[in-house]
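Okay, entry.pdb is below, PDB, C-alpha atoms:
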MODEL        1
ATOM      1  CA  MET A   1       0.000   0.000   0.000
ATOM      2  CA  VAL A   2       2.820   2.364   0.872
ATOM      3  CA  PHE A   3       4.595   1.452  -2.391
ATOM      4  CA  LEU A   4       1.507   2.352  -4.434
ATOM      5  CA  ASP A   5       1.133   5.668  -2.622
ATOM      6  CA  SER A   6       4.797   6.502  -3.331
ATOM      7  CA  LEU A   7       4.435   5.587  -6.999
ATOM      8  CA  SER A   8       1.334   7.714  -7.420
ATOM      9  CA  LEU A   9       3.107  10.670  -5.729
ATOM     10  CA  ARG A  10       6.015  10.420  -8.163
ATOM     11  CA  SER A  11       3.647  10.329 -11.107
ATOM     12  CA  ILE A  12       1.953  13.486  -9.910
ATOM     13  CA  LEU A  13       5.285  15.295  -9.512
ATOM     14  CA  VAL A  14       6.458  14.262 -13.007
ATOM     15  CA  CYS A  15       3.228  15.432 -14.577
ATOM     16  CA  PHE A  16       3.442  18.737 -12.712
ATOM     17  CA  MET A  17       7.037  19.374 -13.839
ATOM     18  CA  LYS A  18       6.153  18.426 -17.422
ATOM     19  CA  ASP A  19       3.256  20.846 -17.507
ATOM     20  CA  SER A  20       5.423  23.608 -15.969
ATOM     21  CA  LEU A  21       8.197  23.165 -18.551
ATOM     22  CA  ILE A  22       5.689  23.193 -21.395
ATOM     23  CA  LYS A  23       4.274  26.491 -20.138
ATOM     24  CA  VAL A  24       7.800  27.998 -19.874
ATOM     25  CA  PHE A  25       8.756  26.999 -23.420
ATOM     26  CA  LYS A  26       5.453  28.305 -24.774
ATOM     27  CA  GLY A  27       6.256  31.627 -23.096
ATOM     28  CA  TRP A  28       9.517  31.859 -25.064
ATOM     29  CA  GLU A  29       8.166  33.379 -28.220
ATOM     30  CA  PHE A  30      11.005  33.781 -30.712
ATOM     31  CA  ASP A  31      11.715  33.241 -34.364
ATOM     32  CA  THR A  32      14.489  30.711 -34.920
ATOM     33  CA  GLU A  33      15.454  32.271 -38.247
ATOM     34  CA  VAL A  34      15.720  35.765 -36.723
ATOM     35  CA  ILE A  35      17.811  34.550 -33.797
ATOM     36  CA  GLY A  36      20.068  32.560 -36.122
ATOM     37  CA  ALA A  37      20.585  35.580 -38.392
ATOM     38  CA  LYS A  38      21.399  37.790 -35.408
ATOM     39  CA  ILE A  39      23.961  35.308 -34.086
ATOM     40  CA  ILE A  40      25.625  35.010 -37.503
ATOM     41  CA  ILE A  41      25.785  38.816 -37.912
ATOM     42  CA  GLY A  42      27.096  39.211 -34.350
ATOM     43  CA  VAL A  43      29.810  36.594 -34.883
ATOM     44  CA  LEU A  44      30.829  38.260 -38.174
ATOM     45  CA  LEU A  45      31.091  41.661 -36.450
ATOM     46  CA  LEU A  46      33.126  40.107 -33.638
ATOM     47  CA  PHE A  47      35.452  38.459 -36.171
ATOM     48  CA  VAL A  48      35.850  41.726 -38.131
ATOM     49  CA  CYS A  49      36.769  43.630 -34.949
ATOM     50  CA  PHE A  50      39.182  40.872 -33.963
ATOM     51  CA  VAL A  51      40.948  41.051 -37.346
ATOM     52  CA  ALA A  52      40.898  44.863 -37.307
ATOM     53  CA  GLY A  53      42.482  44.830 -33.837
ATOM     54  CA  ARG A  54      45.267  42.464 -34.920
ATOM     55  CA  VAL A  55      45.970  44.463 -38.073
ATOM     56  CA  SER A  56      45.924  47.804 -36.217
ATOM     57  CA  LYS A  57      48.303  46.404 -33.620
ATOM     58  CA  LYS A  58      50.781  45.250 -36.284
ATOM     59  CA  ILE A  59      50.555  48.568 -38.178
ATOM     60  CA  PHE A  60      51.177  50.539 -34.982
ATOM     61  CA  LEU A  61      54.204  48.387 -34.103
ATOM     62  CA  LYS A  62      55.635  48.769 -37.606
ATOM     63  CA  VAL A  63      55.057  52.524 -37.904
ATOM     64  CA  ASN A  64      56.366  53.428 -34.433
ATOM     65  CA  ALA A  65      59.157  50.862 -34.127
ATOM     66  CA  LYS A  66      61.890  53.467 -34.721
ATOM     67  CA  LEU A  67      60.211  56.249 -32.762
ATOM     68  CA  LEU A  68      59.788  54.073 -29.657
ATOM     69  CA  SER A  69      62.847  51.865 -30.151
ATOM     70  CA  LYS A  70      64.264  52.985 -26.787
ATOM     71  CA  HIS A  71      60.954  52.284 -25.043
ATOM     72  CA  PRO A  72      59.791  48.813 -26.140
ATOM     73  CA  ASP A  73      57.604  48.473 -23.046
ATOM     74  CA  VAL A  74      55.620  51.592 -24.030
ATOM     75  CA  LEU A  75      55.367  50.353 -27.627
ATOM     76  CA  ASN A  76      53.978  46.967 -26.572
ATOM     77  CA  LEU A  77      51.597  48.494 -24.022
ATOM     78  CA  VAL A  78      50.017  50.957 -26.472
ATOM     79  CA  SER A  79      49.710  48.294 -29.184
ATOM     80  CA  LYS A  80      47.916  45.953 -26.755
ATOM     81  CA  ILE A  81      45.565  48.753 -25.681
ATOM     82  CA  ILE A  82      44.633  49.332 -29.342
ATOM     83  CA  TYR A  83      44.010  45.613 -29.834
ATOM     84  CA  TYR A  84      41.806  45.269 -26.755
ATOM     85  CA  ILE A  85      39.779  48.366 -27.704
ATOM     86  CA  PHE A  86      38.804  46.683 -30.988
ATOM     87  CA  LEU A  87      38.137  43.392 -29.187
ATOM     88  CA  PHE A  88      35.881  45.073 -26.634
ATOM     89  CA  LEU A  89      34.049  46.840 -29.461
ATOM     90  CA  GLY A  90      33.465  43.464 -31.122
ATOM     91  CA  TYR A  91      31.973  41.940 -27.972
ATOM     92  CA  PHE A  92      29.800  45.005 -27.476
ATOM     93  CA  LEU A  93      28.423  44.810 -31.036
ATOM     94  CA  PHE A  94      27.865  41.053 -30.730
ATOM     95  CA  LEU A  95      25.834  41.357 -27.532
ATOM     96  CA  ASN A  96      23.915  44.333 -28.899
ATOM     97  CA  VAL A  97      22.964  42.560 -32.138
ATOM     98  CA  VAL A  98      21.949  39.327 -30.392
ATOM     99  CA  GLY A  99      19.853  41.276 -27.904
ATOM    100  CA  LEU A 100      21.860  40.601 -24.770
ATOM    101  CA  GLU A 101      22.862  44.199 -24.119
ATOM    102  CA  GLN A 102      21.219  44.051 -20.681
ATOM    103  CA  TYR A 103      23.818  41.467 -19.668
ATOM    104  CA  LEU A 104      26.551  43.795 -20.899
ATOM    105  CA  THR A 105      25.148  46.521 -18.670
ATOM    106  CA  LYS A 106      25.345  44.206 -15.661
ATOM    107  CA  ILE A 107      28.880  43.189 -16.589
ATOM    108  CA  LEU A 108      29.966  46.817 -16.890
ATOM    109  CA  ALA A 109      28.350  47.658 -13.553
ATOM    110  CA  GLY A 110      30.239  44.799 -11.911
ATOM    111  CA  ALA A 111      33.433  45.842 -13.649
ATOM    112  CA  GLY A 112      32.961  49.370 -12.316
ATOM    113  CA  ILE A 113      32.882  48.126  -8.734
ATOM    114  CA  VAL A 114      35.928  45.946  -9.351
ATOM    115  CA  GLY A 115      37.649  48.906 -11.000
ATOM    116  CA  ILE A 116      37.091  51.100  -7.950
ATOM    117  CA  ILE A 117      38.589  48.439  -5.674
ATOM    118  CA  ALA A 118      41.492  47.871  -8.034
ATOM    119  CA  GLY A 119      42.019  51.616  -8.321
ATOM    120  CA  PHE A 120      42.674  51.941  -4.591
ATOM    121  CA  ALA A 121      44.921  48.887  -4.624
ATOM    122  CA  LEU A 122      46.917  49.918  -7.702
ATOM    123  CA  LYS A 123      47.002  53.698  -7.315
ATOM    124  CA  ASP A 124      50.766  53.744  -6.679
ATOM    125  CA  ILE A 125      51.412  51.582  -9.732
ATOM    126  CA  ALA A 126      49.183  53.848 -11.812
ATOM    127  CA  SER A 127      50.986  56.917 -10.490
ATOM    128  CA  ASN A 128      54.356  55.387 -11.380
ATOM    129  CA  ALA A 129      53.089  54.474 -14.849
ATOM    130  CA  PHE A 130      51.813  58.003 -15.471
ATOM    131  CA  SER A 131      55.115  59.436 -14.263
ATOM    132  CA  GLY A 132      56.887  57.053 -16.636
ATOM    133  CA  LEU A 133      54.759  58.393 -19.479
ATOM    134  CA  LEU A 134      55.743  61.959 -18.541
ATOM    135  CA  LEU A 135      59.407  60.964 -18.512
ATOM    136  CA  PHE A 136      58.977  59.470 -21.977
ATOM    137  CA  LEU A 137      57.256  62.571 -23.363
ATOM    138  CA  GLN A 138      59.366  65.278 -21.711
ATOM    139  CA  LYS A 139      62.705  63.410 -21.656
ATOM    140  CA  PRO A 140      64.376  65.401 -18.836
ATOM    141  CA  PHE A 141      67.100  62.763 -18.984
ATOM    142  CA  VAL A 142      67.956  59.810 -21.200
ATOM    143  CA  LYS A 143      70.044  56.659 -20.984
ATOM    144  CA  GLY A 144      73.684  57.522 -20.341
ATOM    145  CA  ASP A 145      73.024  60.801 -18.494
ATOM    146  CA  TRP A 146      74.504  61.393 -15.045
ATOM    147  CA  VAL A 147      71.730  62.449 -12.705
ATOM    148  CA  GLN A 148      70.711  62.802  -9.104
ATOM    149  CA  LEU A 149      67.332  61.204  -8.411
ATOM    150  CA  ASP A 150      65.787  61.086  -4.956
ATOM    151  CA  GLY A 151      69.186  61.733  -3.367
ATOM    152  CA  HIS A 152      70.987  59.076  -5.419
ATOM    153  CA  TYR A 153      73.683  59.948  -7.938
ATOM    154  CA  GLY A 154      74.495  57.709 -10.863
ATOM    155  CA  LYS A 155      74.351  56.968 -14.556
ATOM    156  CA  VAL A 156      70.938  56.320 -16.122
ATOM    157  CA  GLU A 157      70.786  52.757 -17.426
ATOM    158  CA  LEU A 158      67.076  52.455 -18.155
ATOM    159  CA  VAL A 159      64.022  54.701 -18.034
ATOM    160  CA  GLY A 160      61.300  52.131 -17.461
ATOM    161  CA  TRP A 161      57.547  52.262 -17.252
ATOM    162  CA  LEU A 162      57.492  52.110 -13.430
ATOM    163  CA  THR A 163      61.079  52.722 -12.310
ATOM    164  CA  THR A 164      64.287  54.358 -13.501
ATOM    165  CA  THR A 165      67.492  52.371 -13.104
ATOM    166  CA  LEU A 166      70.801  53.986 -12.139
ATOM    167  CA  SER A 167      74.270  52.457 -11.782
ATOM    168  CA  ASN A 168      76.541  53.934  -9.132
ATOM    169  CA  ARG A 169      80.314  53.948  -8.668
ATOM    170  CA  THR A 170      80.302  50.757  -6.628
ATOM    171  CA  GLY A 171      78.649  48.854  -9.475
ATOM    172  CA  GLN A 172      75.252  48.558  -7.805
ATOM    173  CA  GLU A 173      71.957  49.185  -9.549
ATOM    174  CA  ILE A 174      69.551  51.646  -7.944
ATOM    175  CA  TYR A 175      65.861  51.486  -8.828
ATOM    176  CA  VAL A 176      64.078  54.791  -8.288
ATOM    177  CA  SER A 177      60.291  54.930  -8.430
ATOM    178  CA  ASN A 178      59.141  57.256 -11.216
ATOM    179  CA  GLN A 179      56.548  58.704  -8.849
ATOM    180  CA  LEU A 180      59.308  59.871  -6.495
ATOM    181  CA  ILE A 181      61.134  61.552  -9.382
ATOM    182  CA  TYR A 182      58.217  63.817 -10.267
ATOM    183  CA  SER A 183      57.117  64.420  -6.700
ATOM    184  CA  GLY A 184      60.581  65.705  -5.754
ATOM    185  CA  THR A 185      63.523  67.477  -7.381
ATOM    186  CA  PHE A 186      66.122  65.924  -9.639
ATOM    187  CA  MET A 187      69.283  67.153 -11.320
ATOM    188  CA  ASN A 188      70.713  66.263 -14.725
ATOM    189  CA  TYR A 189      74.469  66.887 -14.825
ATOM    190  CA  SER A 190      74.752  65.854 -18.486
ATOM    191  CA  LYS A 191      72.202  68.326 -19.825
ATOM    192  CA  TYR A 192      74.648  71.076 -20.813
ATOM    193  CA  LYS A 193      77.780  68.901 -21.048
ATOM    194  CA  LYS A 194      79.606  71.078 -18.537
ATOM    195  CA  ARG A 195      80.088  71.243 -14.799
ATOM    196  CA  ARG A 196      81.722  73.629 -12.382
ATOM    197  CA  VAL A 197      84.425  72.516  -9.960
ATOM    198  CA  CYS A 198      84.780  74.251  -6.612
ATOM    199  CA  ILE A 199      87.806  73.640  -4.362
ATOM    200  CA  GLU A 200      87.977  75.000  -0.810
ATOM    201  CA  VAL A 201      91.450  75.626   0.641
ATOM    202  CA  ASP A 202      92.670  76.763   4.076
ATOM    203  CA  VAL A 203      96.144  78.344   4.034
ATOM    204  CA  GLU A 204      98.370  78.712   7.089
ATOM    205  CA  ASN A 205     100.548  81.784   7.731
ATOM    206  CA  TYR A 206     100.993  83.049   4.176
ATOM    207  CA  HIS A 207     100.654  86.651   3.029
ATOM    208  CA  ASP A 208     101.354  86.827  -0.698
ATOM    209  CA  LEU A 209      97.820  86.299  -1.978
ATOM    210  CA  SER A 210      98.513  87.586  -5.485
ATOM    211  CA  LYS A 211     101.368  85.132  -6.009
ATOM    212  CA  LEU A 212      99.291  82.208  -4.770
ATOM    213  CA  LYS A 213      96.395  83.205  -7.043
ATOM    214  CA  THR A 214      98.723  83.297 -10.058
ATOM    215  CA  LEU A 215     100.259  79.918  -9.223
ATOM    216  CA  VAL A 216      96.888  78.206  -8.732
ATOM    217  CA  GLN A 217      95.360  79.642 -11.895
ATOM    218  CA  ALA A 218      98.411  78.624 -13.924
ATOM    219  CA  LYS A 219      98.187  75.083 -12.580
ATOM    220  CA  ILE A 220      94.513  74.730 -13.499
ATOM    221  CA  SER A 221      94.836  76.395 -16.904
ATOM    222  CA  VAL A 222      96.737  73.418 -18.360
ATOM    223  CA  PHE A 223      93.836  70.990 -17.816
ATOM    224  CA  SER A 224      92.779  69.545 -21.180
ATOM    225  CA  ASN A 225      89.070  69.448 -20.324
ATOM    226  CA  LEU A 226      88.920  73.074 -19.173
ATOM    227  CA  LEU A 227      86.008  74.884 -20.795
ATOM    228  CA  PRO A 228      87.336  77.567 -23.195
ATOM    229  CA  ASN A 229      86.457  81.244 -22.786
ATOM    230  CA  THR A 230      85.690  80.788 -19.107
ATOM    231  CA  ASP A 231      87.474  82.261 -16.100
ATOM    232  CA  ILE A 232      89.329  80.488 -13.335
ATOM    233  CA  ASP A 233      87.941  82.356 -10.348
ATOM    234  CA  PHE A 234      89.924  82.768  -7.133
ATOM    235  CA  TYR A 235      87.964  84.145  -4.173
ATOM    236  CA  VAL A 236      89.347  84.825  -0.699
ATOM    237  CA  THR A 237      86.611  83.992   1.815
ATOM    238  CA  SER A 238      88.327  84.776   5.130
ATOM    239  CA  VAL A 239      91.545  86.274   6.530
ATOM    240  CA  GLU A 240      92.918  85.997  10.084
ATOM    241  CA  VAL A 241      95.371  88.281  11.890
ATOM    242  CA  ASN A 242      98.010  85.557  12.101
ATOM    243  CA  GLY A 243      98.215  85.287   8.322
ATOM    244  CA  ASN A 244      95.874  82.317   7.933
ATOM    245  CA  PHE A 245      93.231  82.665   5.236
ATOM    246  CA  SER A 246      90.807  80.630   3.151
ATOM    247  CA  PHE A 247      89.975  80.781  -0.523
ATOM    248  CA  GLU A 248      87.697  79.096  -3.021
ATOM    249  CA  LEU A 249      88.630  78.145  -6.575
ATOM    250  CA  TYR A 250      85.967  77.911  -9.305
ATOM    251  CA  TYR A 251      86.327  76.769 -12.898
ATOM    252  CA  TRP A 252      84.268  75.041 -15.601
ATOM    253  CA  ILE A 253      85.104  71.783 -17.374
ATOM    254  CA  TYR A 254      83.537  69.580 -20.019
ATOM    255  CA  PHE A 255      81.380  66.905 -18.407
ATOM    256  CA  ASP A 256      80.515  63.582 -19.997
ATOM    257  CA  GLU A 257      80.863  61.056 -17.197
ATOM    258  CA  GLY A 258      81.445  60.879 -13.473
ATOM    259  CA  LYS A 259      84.840  59.180 -13.606
ATOM    260  CA  LYS A 260      86.503  61.986 -15.579
ATOM    261  CA  PHE A 261      84.956  64.558 -13.271
ATOM    262  CA  ARG A 262      86.392  62.813 -10.214
ATOM    263  CA  GLU A 263      89.786  62.649 -11.925
ATOM    264  CA  THR A 264      89.675  66.410 -12.535
ATOM    265  CA  VAL A 265      88.767  67.107  -8.899
ATOM    266  CA  SER A 266      91.594  64.844  -7.763
ATOM    267  CA  ASN A 267      94.093  66.487 -10.130
ATOM    268  CA  SER A 268      93.059  69.903  -8.834
ATOM    269  CA  ILE A 269      93.665  68.964  -5.214
ATOM    270  CA  VAL A 270      96.969  67.224  -6.003
ATOM    271  CA  GLY A 271      98.108  70.182  -8.135
ATOM    272  CA  ILE A 272      97.383  72.725  -5.388
ATOM    273  CA  GLN A 273      99.190  70.519  -2.885
ATOM    274  CA  GLU A 274     102.215  70.434  -5.214
ATOM    275  CA  ILE A 275     102.178  74.236  -5.283
ATOM    276  CA  GLY A 276     102.395  74.196  -1.500
ATOM    277  CA  VAL A 277     105.335  71.785  -1.471
ATOM    278  CA  GLU A 278     107.240  73.711  -4.148
ATOM    279  CA  ASN A 279     106.717  77.124  -2.525
ATOM    280  CA  ASN A 280     106.749  76.220   1.187
ATOM    281  CA  ILE A 281     103.062  77.021   1.585
ATOM    282  CA  VAL A 282     101.132  75.066   4.208
ATOM    283  CA  PHE A 283      97.605  74.064   3.220
ATOM    284  CA  LYS A 284      95.634  72.844   6.226
ATOM    285  CA  ASN A 285      92.566  71.708   4.340
ATOM    286  CA  LEU A 286      91.942  70.918   0.689
ATOM    287  CA  LYS A 287      88.503  69.682  -0.280
ATOM    288  CA  TRP A 288      86.010  69.632  -3.105
ATOM    289  CA  GLN A 289      82.740  71.437  -2.455
ATOM    290  CA  SER A 290      79.612  69.721  -3.743
ATOM    291  CA  ASP A 291      77.496  71.799  -6.102
ATOM    292  CA  GLU A 292      74.286  70.147  -4.896
ATOM    293  CA  GLU A 293      71.869  72.153  -2.794
ATOM    294  CA  ASP A 294      71.265  69.315  -0.331
ATOM    295  CA  GLY A 295      74.826  67.955  -0.507
ATOM    296  CA  THR A 296      73.627  64.381  -0.345
ATOM    297  CA  SER A 297      75.160  62.194  -2.997
ATOM    298  CA  ALA A 298      77.031  63.756  -5.920
ATOM    299  CA  GLU A 299      80.268  61.812  -6.232
ATOM    300  CA  ARG A 300      79.556  60.349  -2.788
ATOM    301  CA  PHE A 301      77.704  57.316  -4.074
ATOM    302  CA  GLY A 302      75.447  55.414  -1.730
ATOM    303  CA  VAL A 303      75.472  57.924   1.145
ATOM    304  CA  ASN A 304      71.685  57.832   1.486
ATOM    305  CA  GLY A 305      70.990  54.400   0.118
TER     306      GLY A 305
ENDMDL
END
Represent the structure contained in this file as structure tokens.
Amino acid sequence: MVFLDSLSLRSILVCFMKDSLIKVFKGWEFDTEVIGAKIIIGVLLLFVCFVAGRVSKKIFLKVNAKLLSKHPDVLNLVSKIIYYIFLFLGYFLFLNVVGLEQYLTKILAGAGIVGIIAGFALKDIASNAFSGLLLFLQKPFVKGDWVQLDGHYGKVELVGWLTTTLSNRTGQEIYVSNQLIYSGTFMNYSKYKKRRVCIEVDVENYHDLSKLKTLVQAKISVFSNLLPNTDIDFYVTSVEVNGNFSFELYYWIYFDEGKKFRETVSNSIVGIQEIGVENNIVFKNLKWQSDEEDGTSAERFGVNG
């Protein structure tokens, strides 16, 4: 008896589900030919946009290969953006033709929420990328320049999309965030291909200032990298009653790399010291004065890092 009751219950449920499905399918009023035509047209539009995106990407890479040869990451990024714009357009047209644009609206709404979350998470990366774009467009420095970035002095090895790479005297690579470059100050020593040397000297118990000035200027004037038509300036900065005094020496030289600059500074100090030995002049202090405003790192590699 129980078995018969169970069987009859199952039969009722099957009949109910069958009737419900029939009603649902009857409610779906559509023309198979129309739907088929829409799908075919949508697929064709999607395929056309796909091909157009691939072709546009290749044309962009070919046309701008020389212009962006030093920035392959920028070249690849822009070409991919062009490709995905066409691909997104294809999907949009496909959904619109088939009649599923309402689903696209929901997808875009969801993507907007995800985009907001991702925006907060990736804001620093986006800021670095935008700064990298500014560096590419403005070119305040290029590969091979000697610069000071965020308190670090070195030779530019790579201006990347997110970071700029420097190499310092000790052979280490320094990666500076592009965002920090544009949010602070930076100095390009290679911009004008020249740099001024300043030597500070303390002299003990010597009174013939004119003779010393002539000797020092003559010593510096023989440097091969001395900038022509520029003066070798000799300035006395302090004088004491016992004959001690201090002076500063300024002159301009050609600048192409840090090593030659350091050699010139060294030759200046050695040359002035030789003047002292040859003329019985006692120099208490001989030092190069940094031409940086903050005095952090020029030719003192790695002080802050």
Problem set entry | the PyMOL selection byres ((chain A and resi 217) around 12) resolved against shown file, as a list in words |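 Output from the PyMOL selection byres ((chain A and resi 217) around 12), applied to this file: Ser210, Lys211, Leu212, Lys213, Thr214, Leu215, Val216, Ala218, Lys219, Ile220, Ser221, Val222, Phe223, Leu226, Asp231, Ile232, Asp233, Phe234, Tyr235, Glu248, Leu249, Tyr250, Tyr251, Ser268, Gly271, Ile272 and Ile275 of chain A.
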For this session: Apply the PyMOL selection byres ((chain A and resi 269) around 12) to the structure shown and report the selected residues as an MDAnalysis selection string.
Result: chainID A and resid 197:201 216 219:220 248:249 262:268 270:276 283 285:289
Exercise. CA of Ile59 (chain A) and CA of Leu44 (chain A), how far apart in Å?
Worked result: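 Computed distance, CA of Leu44 (chain A) to CA of Ile59 (chain A), equals 22.3 Å.
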Exercise. Which residues match the PyMOL selection byres ((chain A and resi 132) around 6) in the file above, as a PyMOL selection string?
Worked result: chain A and resi 129-131+133-135+161-162+178
Problem set entry | CA of Val156 (chain A) to CA of Asn168 (chain A), straight-line distance in Å |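 Answer for the CA of Asn168 (chain A) to CA of Val156 (chain A) separation: 9.3 Å.
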With 8 Å of padding per side, what axis-aligned box (centre and edge lengths, Å, one decimal) covers all the listed atoms of region 187-195 of chain A? Give it as AutoDock Vina command-line options.
--center_x 74.7 --center_y 68.5 --center_z -16.2 --size_x 26.8 --size_y 21.4 --size_z 25.7
Exercise. So what do you get for CA of Gly160 (chain A) versus CA of Ile181 (chain A), distance-wise?
Worked result: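 Distance reported for this atom pair: 12.4 Å.
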For this session: List every protein, DNA or RNA residue that has an atom no more than 12 Å from (27.6, 41.1, -38.5) in the file's coordinate frame, counting all atoms listed in the file, and report them as number ranges by chain.
Result: A: 36-49, 90-98
Problem set entry | Pick from A:Trp146, A:Phe50, A:Phe247, A:Phe60 nearest to Asp202 (chain A), counting only C-alpha atoms |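 Nearest candidate to Asp202 (chain A) out of A:Trp146, A:Phe50, A:Phe247, A:Phe60: A:Phe247.
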Exercise. So, counting all atoms listed in the file, which residue among A:Asp150, A:Glu173, A:Glu257, A:Glu204 is closest to Val241 (chain A)?
Worked result: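 The shortest atom-to-atom distance to Val241 (chain A) comes from A:Glu204.
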Problem set entry | 7 Å contact set for Asn242 (chain A), all atoms listed in the file, chain neighbours under 2 positions out, as a ChimeraX atom specification | /A:205,240,244
Please, could you write that set of residues out with C-alpha atoms as a PDB file, in the frame of the given file?
ATOM      1  CA  ASN A 205     100.548  81.784   7.731  1.00  0.00           C
ATOM      2  CA  GLU A 240      92.918  85.997  10.084  1.00  0.00           C
ATOM      3  CA  ASN A 244      95.874  82.317   7.933  1.00  0.00           C
TER       4      ASN A 244
END
Problem set entry | Spatial sel., origin (39.3, 46.3, -35.1), limit 8 Å, only C-alpha atoms, listed as a list in words |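 These residues have at least one counted atom within 8 Å: Val48, Cys49, Phe50, Val51, Ala52, Gly53, Arg54, Val55, Ser56, Tyr83, Ile85, Phe86, Leu87, Leu89 and Gly90 of chain A.
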